[in-house]
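This report refers to the structure that appears directly beneath it.
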Amino acid sequence: MITQTILTYKKAKKYDIFYCIVSHIMIFYFQVIAMISFEWNEIKFNIADIGGGKLDHDIAGHTHSNNSYELHFIKSGAGTLITDNCRYSLKAGDFFVTGPNCYHAQKTDTLNPIEDIFIYIQRTGGKSSNLFSSAFLNTNFYITENFDCADAQRMLFEYTEKYPDYKSAVAGLAMKLLTQVVRCYLPAYTAHSEDADNLYDRRFIIIENAFLYDRDITLTKLSEKIGLCTRQTERLLKKYYSKSFREKKKEQMNAFSE
């Protein structure tokens with residue numbers, strides 16, 4: 001009888017262990033399935049979690065992994081953010097980002113606890129990056145005040161309520177939000193960079209229109225139009241048109257004489 005009881009206990013114990021393992025696998029599986037993916041400025045991300053509410057307890061010091069970023073939006077209340085280098089008093093309207101390996105902890109004011117929204121994202125792919133995604137990926141810590149959290153609030157609502165096609169809505173809001181964040185990082189460079197990108201995209205149409213409509217086009221004039229020196233312009237013409245400027249000019253003059 002005792003032996004049978006022991007065997008029954010061992011079987012039950014094995015079953016409990018098996019059930020526990022399966023349960024954890026299933027929980028992990030559904031968490032992975034529930035992740036929302038999006039691509040922003042050539043980089044792929046997963047939204048691992050979105051949450052928020054009253055923070056009635058302190059958050060112990062911790063860091064995130066090499067591919068993880070957490071966005072924090074303070075809606076109301078007060079508290080203290082602690083990093084390796086500084087302590088920051090938190091209040092309504094504050095926003096901060098904690099990226100890879102950035103140590104941070106939070107202490108809440110028990111008389112006026114913080115209410116916040118957090119968005120946890122992970123980089124999952126994308127070998128190349130542009131100015132904007134590089135600025136986001138390479139900024140491990142950032143804090144500012146008077147940040148508009150309307151998009152974050154909408155993301156939390158969509159993520160929680162799960163209306164039809166909510167994943168697309170959340171992904172779209174995430175892309176908009178990252179652009180909003182990077183504009184804080186690069187306020188002085190954004191317009192210049194976009195102008196440079198647009199000029200690069202327009203170079204070929206500028207070249208072709210110049211030879212089509214400007215009888216007086218010169219190598220110097222064309223170079224100024226496309227933002228290159230004369231030597232670079234010559235190389236560009238050779239690479240993409242297999243002709244020198246002189247050959248293109250001769251082709252233009254023959255076309256005008258027809």
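By convention here, the chains of the structure tokens are called A, B, ... in the order presented, each chain's residues are numbered starting at 1, and ligands are numbered starting at 1 in the order presented.
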
I want to know what sits within 9 Å of A:Gly52, based on only C-alpha atoms, with residues of the same chain fewer than 2 positions away left out; could you give that as a ChimeraX atom specification?
/A:50,54-55,73,115-119,156

Record the distance separating atom CA of A:Asn140 and atom CA of A:His64, expressed in Å with one decimal.
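Atom CA of A:His64 lies at a distance of 10.0 Å from atom CA of A:Asn140.
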
Need to verify the contact set: A:Tyr142, 9 Å, only C-alpha atoms, exclusion of same-chain residues closer than 2 positions in sequence. Can you return it as a PyMOL selection string?
chain A and resi 95-99+139-140+144+185

Have a look at A:Tyr159, A:Tyr88, A:Phe132, A:Phe211 and name the one nearest to A:Leu173; count only C-alpha atoms.
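Using only C-alpha atoms, A:Leu173 sits closest to A:Tyr159.
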
Residues at most 8 Å from A:Phe245, counting only C-alpha atoms, excluding those fewer than 4 positions away in the same chain, as a PyMOL selection string?
chain A and resi 219+234+237+249

Quick one: of A:Gln232, A:Thr124, A:Arg183, A:Ala171, who's nearest to A:Arg154, counting only C-alpha atoms?
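Distance minimum relative to A:Arg154 lands on A:Ala171.
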
Taking the backbone alone, and naming residues the way the document does, which bits of stretch 19-169 of chain A are helix (DSSP H, G or I) by DSSP, as an mmCIF file with N, CA and C atoms, in the first residue's frame?
data_model
loop_
_atom_site.group_PDB
_atom_site.id
_atom_site.type_symbol
_atom_site.label_atom_id
_atom_site.label_comp_id
_atom_site.auth_asym_id
_atom_site.auth_seq_id
_atom_site.Cartn_x
_atom_site.Cartn_y
_atom_site.Cartn_z
ATOM 1 N N TYR A 19 3.068 19.111 -16.821
ATOM 2 C CA TYR A 19 2.014 20.117 -17.021
ATOM 3 C C TYR A 19 2.586 21.533 -16.908
ATOM 4 N N CYS A 20 3.493 21.722 -15.966
ATOM 5 C CA CYS A 20 4.111 23.040 -15.760
ATOM 6 C C CYS A 20 4.935 23.442 -16.983
ATOM 7 N N ILE A 21 5.716 22.484 -17.501
ATOM 8 C CA ILE A 21 6.557 22.768 -18.683
ATOM 9 C C ILE A 21 5.684 23.098 -19.881
ATOM 10 N N VAL A 22 4.666 22.280 -20.112
ATOM 11 C CA VAL A 22 3.770 22.514 -21.251
ATOM 12 C C VAL A 22 3.078 23.862 -21.117
ATOM 13 N N SER A 23 2.637 24.182 -19.902
ATOM 14 C CA SER A 23 1.954 25.456 -19.672
ATOM 15 C C SER A 23 2.849 26.629 -20.013
ATOM 16 N N HIS A 24 4.119 26.557 -19.585
ATOM 17 C CA HIS A 24 5.054 27.647 -19.865
ATOM 18 C C HIS A 24 5.342 27.754 -21.360
ATOM 19 N N ILE A 25 5.443 26.601 -22.023
ATOM 20 C CA ILE A 25 5.668 26.624 -23.472
ATOM 21 C C ILE A 25 4.491 27.268 -24.173
ATOM 22 N N MET A 26 3.269 26.900 -23.757
ATOM 23 C CA MET A 26 2.073 27.449 -24.388
ATOM 24 C C MET A 26 1.963 28.947 -24.134
ATOM 25 N N ILE A 27 2.284 29.370 -22.906
ATOM 26 C CA ILE A 27 2.240 30.801 -22.580
ATOM 27 C C ILE A 27 3.230 31.551 -23.452
ATOM 28 N N PHE A 28 4.462 31.010 -23.570
ATOM 29 C CA PHE A 28 5.479 31.650 -24.415
ATOM 30 C C PHE A 28 5.024 31.681 -25.868
ATOM 31 N N TYR A 29 4.426 30.564 -26.317
ATOM 32 C CA TYR A 29 3.977 30.480 -27.712
ATOM 33 C C TYR A 29 2.937 31.555 -28.000
ATOM 34 N N PHE A 30 1.957 31.694 -27.138
ATOM 35 C CA PHE A 30 0.911 32.673 -27.386
ATOM 36 C C PHE A 30 1.411 34.101 -27.227
ATOM 37 N N GLN A 31 2.416 34.296 -26.368
ATOM 38 C CA GLN A 31 3.022 35.629 -26.260
ATOM 39 C C GLN A 31 3.718 35.983 -27.568
ATOM 40 N N VAL A 32 4.447 35.031 -28.156
ATOM 41 C CA VAL A 32 5.141 35.275 -29.421
ATOM 42 C C VAL A 32 4.131 35.559 -30.520
ATOM 43 N N ILE A 33 3.056 34.724 -30.567
ATOM 44 C CA ILE A 33 2.031 34.913 -31.587
ATOM 45 C C ILE A 33 1.382 36.281 -31.453
ATOM 46 N N ALA A 34 1.214 36.733 -30.187
ATOM 47 C CA ALA A 34 0.511 37.992 -29.936
ATOM 48 C C ALA A 34 1.364 39.213 -30.248
ATOM 49 N N LEU A 131 19.421 57.714 -41.262
ATOM 50 C CA LEU A 131 19.694 58.669 -40.191
ATOM 51 C C LEU A 131 18.725 58.523 -39.036
ATOM 52 N N PHE A 132 17.455 58.320 -39.360
ATOM 53 C CA PHE A 132 16.419 58.333 -38.332
ATOM 54 C C PHE A 132 16.442 57.063 -37.485
ATOM 55 N N SER A 133 16.494 55.907 -38.132
ATOM 56 C CA SER A 133 16.547 54.667 -37.356
ATOM 57 C C SER A 133 17.868 54.544 -36.601
ATOM 58 N N SER A 134 18.957 55.043 -37.177
ATOM 59 C CA SER A 134 20.245 55.027 -36.461
ATOM 60 C C SER A 134 20.176 55.880 -35.203
ATOM 61 N N ALA A 135 19.524 57.046 -35.313
ATOM 62 C CA ALA A 135 19.403 57.925 -34.151
ATOM 63 C C ALA A 135 18.632 57.229 -33.035
ATOM 64 N N PHE A 136 17.564 56.524 -33.405
ATOM 65 C CA PHE A 136 16.781 55.826 -32.380
ATOM 66 C C PHE A 136 17.573 54.675 -31.777
ATOM 67 N N LEU A 137 18.170 53.846 -32.623
ATOM 68 C CA LEU A 137 18.865 52.650 -32.142
ATOM 69 C C LEU A 137 20.079 52.986 -31.296
ATOM 70 N N ALA A 150 -0.703 61.252 -26.801
ATOM 71 C CA ALA A 150 -1.984 60.845 -27.384
ATOM 72 C C ALA A 150 -1.858 59.557 -28.191
ATOM 73 N N ASP A 151 -0.786 59.426 -28.982
ATOM 74 C CA ASP A 151 -0.601 58.216 -29.790
ATOM 75 C C ASP A 151 -0.341 56.996 -28.907
ATOM 76 N N ALA A 152 0.416 57.186 -27.835
ATOM 77 C CA ALA A 152 0.667 56.092 -26.903
ATOM 78 C C ALA A 152 -0.635 55.660 -26.230
ATOM 79 N N GLN A 153 -1.457 56.631 -25.872
ATOM 80 C CA GLN A 153 -2.750 56.328 -25.259
ATOM 81 C C GLN A 153 -3.633 55.534 -26.219
ATOM 82 N N ARG A 154 -3.620 55.936 -27.483
ATOM 83 C CA ARG A 154 -4.420 55.222 -28.484
ATOM 84 C C ARG A 154 -3.874 53.817 -28.711
ATOM 85 N N MET A 155 -2.543 53.673 -28.708
ATOM 86 C CA MET A 155 -1.939 52.350 -28.853
ATOM 87 C C MET A 155 -2.384 51.421 -27.735
ATOM 88 N N LEU A 156 -2.353 51.935 -26.505
ATOM 89 C CA LEU A 156 -2.765 51.129 -25.356
ATOM 90 C C LEU A 156 -4.230 50.723 -25.486
ATOM 91 N N PHE A 157 -5.068 51.644 -25.921
ATOM 92 C CA PHE A 157 -6.496 51.369 -26.090
ATOM 93 C C PHE A 157 -6.711 50.277 -27.146
ATOM 94 N N GLU A 158 -6.060 50.413 -28.302
ATOM 95 C CA GLU A 158 -6.206 49.422 -29.364
ATOM 96 C C GLU A 158 -5.685 48.059 -28.919
ATOM 97 N N TYR A 159 -4.546 48.063 -28.246
ATOM 98 C CA TYR A 159 -3.899 46.832 -27.796
ATOM 99 C C TYR A 159 -4.750 46.118 -26.748
ATOM 100 N N THR A 160 -5.414 46.894 -25.888
ATOM 101 C CA THR A 160 -6.220 46.325 -24.808
ATOM 102 C C THR A 160 -7.577 45.851 -25.307
ATOM 103 N N GLU A 161 -8.229 46.661 -26.120
ATOM 104 C CA GLU A 161 -9.582 46.341 -26.567
ATOM 105 C C GLU A 161 -9.617 45.330 -27.706
ATOM 106 N N TYR A 166 -6.729 45.310 -35.049
ATOM 107 C CA TYR A 166 -6.046 46.186 -34.099
ATOM 108 C C TYR A 166 -4.534 46.161 -34.280
ATOM 109 N N LYS A 167 -3.998 45.020 -34.761
ATOM 110 C CA LYS A 167 -2.547 44.931 -34.925
ATOM 111 C C LYS A 167 -2.046 45.943 -35.952
ATOM 112 N N SER A 168 -2.791 46.123 -37.033
ATOM 113 C CA SER A 168 -2.402 47.116 -38.034
ATOM 114 C C SER A 168 -2.459 48.523 -37.448
ATOM 115 N N ALA A 169 -3.502 48.769 -36.648
ATOM 116 C CA ALA A 169 -3.642 50.090 -36.019
ATOM 117 C C ALA A 169 -2.486 50.363 -35.067
#

When you count only C-alpha atoms, which of these residues is closest to A:Phe256: A:Cys102, A:Asp214, A:Lys176, A:His57?
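Counting only C-alpha atoms, the residue closest to A:Phe256 is A:Asp214.
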
Interatomic distance between atom CA of A:Asn67 and atom CA of A:Asn138?
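Spanning atom CA of A:Asn67 to atom CA of A:Asn138 is a straight-line distance of 10.7 Å.
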
How far is it from atom CA of A:Asn101 to atom CA of A:Ala48, in Å with one decimal?
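One can read the atom CA of A:Asn101 to atom CA of A:Ala48 distance as 17.4 Å.
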
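Shell of A:Gln106 at 9 Å, with only C-alpha atoms counted and residues fewer than 6 places along the chain excluded, is His57, Asp58, Ile59, Ala60, Gly61, Gly79, Thr80, Leu81, Ile82 and Thr83 of chain A.
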
Using N, CA, C and O atoms, can you export the residues from the last selection as a PDB file, in the first residue's frame?
ATOM      1  N   HIS A  57       4.063  50.952  -6.530  1.00  0.00           N
ATOM      2  CA  HIS A  57       5.237  50.330  -5.926  1.00  0.00           C
ATOM      3  C   HIS A  57       6.490  50.780  -6.673  1.00  0.00           C
ATOM      4  O   HIS A  57       6.415  51.260  -7.798  1.00  0.00           O
ATOM      5  N   ASP A  58       7.639  50.626  -6.019  1.00  0.00           N
ATOM      6  CA  ASP A  58       8.902  50.971  -6.663  1.00  0.00           C
ATOM      7  C   ASP A  58       9.280  49.887  -7.677  1.00  0.00           C
ATOM      8  O   ASP A  58       8.895  48.719  -7.551  1.00  0.00           O
ATOM      9  N   ILE A  59      10.042  50.295  -8.706  1.00  0.00           N
ATOM     10  CA  ILE A  59      10.566  49.344  -9.684  1.00  0.00           C
ATOM     11  C   ILE A  59      12.069  49.230  -9.466  1.00  0.00           C
ATOM     12  O   ILE A  59      12.793  50.229  -9.535  1.00  0.00           O
ATOM     13  N   ALA A  60      12.528  48.027  -9.182  1.00  0.00           N
ATOM     14  CA  ALA A  60      13.946  47.804  -8.883  1.00  0.00           C
ATOM     15  C   ALA A  60      14.818  48.100 -10.101  1.00  0.00           C
ATOM     16  O   ALA A  60      14.359  48.035 -11.243  1.00  0.00           O
ATOM     17  N   GLY A  61      16.061  48.427  -9.858  1.00  0.00           N
ATOM     18  CA  GLY A  61      17.002  48.714 -10.930  1.00  0.00           C
ATOM     19  C   GLY A  61      17.195  47.527 -11.853  1.00  0.00           C
ATOM     20  O   GLY A  61      17.302  46.384 -11.402  1.00  0.00           O
ATOM     21  N   GLY A  79       7.195  60.941  -9.000  1.00  0.00           N
ATOM     22  CA  GLY A  79       8.123  59.885  -8.637  1.00  0.00           C
ATOM     23  C   GLY A  79       9.540  60.279  -8.994  1.00  0.00           C
ATOM     24  O   GLY A  79       9.804  61.424  -9.360  1.00  0.00           O
ATOM     25  N   THR A  80      10.445  59.321  -8.924  1.00  0.00           N
ATOM     26  CA  THR A  80      11.849  59.577  -9.213  1.00  0.00           C
ATOM     27  C   THR A  80      12.387  58.494 -10.126  1.00  0.00           C
ATOM     28  O   THR A  80      12.166  57.296  -9.898  1.00  0.00           O
ATOM     29  N   LEU A  81      13.075  58.914 -11.169  1.00  0.00           N
ATOM     30  CA  LEU A  81      13.783  58.000 -12.066  1.00  0.00           C
ATOM     31  C   LEU A  81      15.253  58.030 -11.688  1.00  0.00           C
ATOM     32  O   LEU A  81      15.853  59.103 -11.574  1.00  0.00           O
ATOM     33  N   ILE A  82      15.833  56.858 -11.511  1.00  0.00           N
ATOM     34  CA  ILE A  82      17.237  56.745 -11.119  1.00  0.00           C
ATOM     35  C   ILE A  82      18.003  56.030 -12.225  1.00  0.00           C
ATOM     36  O   ILE A  82      17.636  54.923 -12.624  1.00  0.00           O
ATOM     37  N   THR A  83      19.060  56.659 -12.724  1.00  0.00           N
ATOM     38  CA  THR A  83      19.937  56.025 -13.701  1.00  0.00           C
ATOM     39  C   THR A  83      21.338  55.931 -13.111  1.00  0.00           C
ATOM     40  O   THR A  83      21.572  56.341 -11.970  1.00  0.00           O
TER      41      THR A  83
END

Skip A:Lys44 itself and residues of its chain fewer than 6 positions away, then list as a list in words all residues within 8 Å of it, counting only C-alpha atoms.
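Selected residues are Ser37, Phe38, Arg123, Thr124, Gly125 and Gly126 of chain A.
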
Check the smallest atom-to-atom distance from each of A:Thr220, A:Ser76, A:Asn46, A:Asn254 to A:Asn146 using only C-alpha atoms, then report the winner.
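Closest to A:Asn146, using only C-alpha atoms: A:Ser76.
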
Using DSSP secondary structure from the backbone, list all strand (DSSP E) positions within stretch 42-258 of chain A, as number ranges by chain.
A: 43-55, 59-62, 68-76, 79-83, 87-90, 95-98, 104-108, 114-125, 141-144
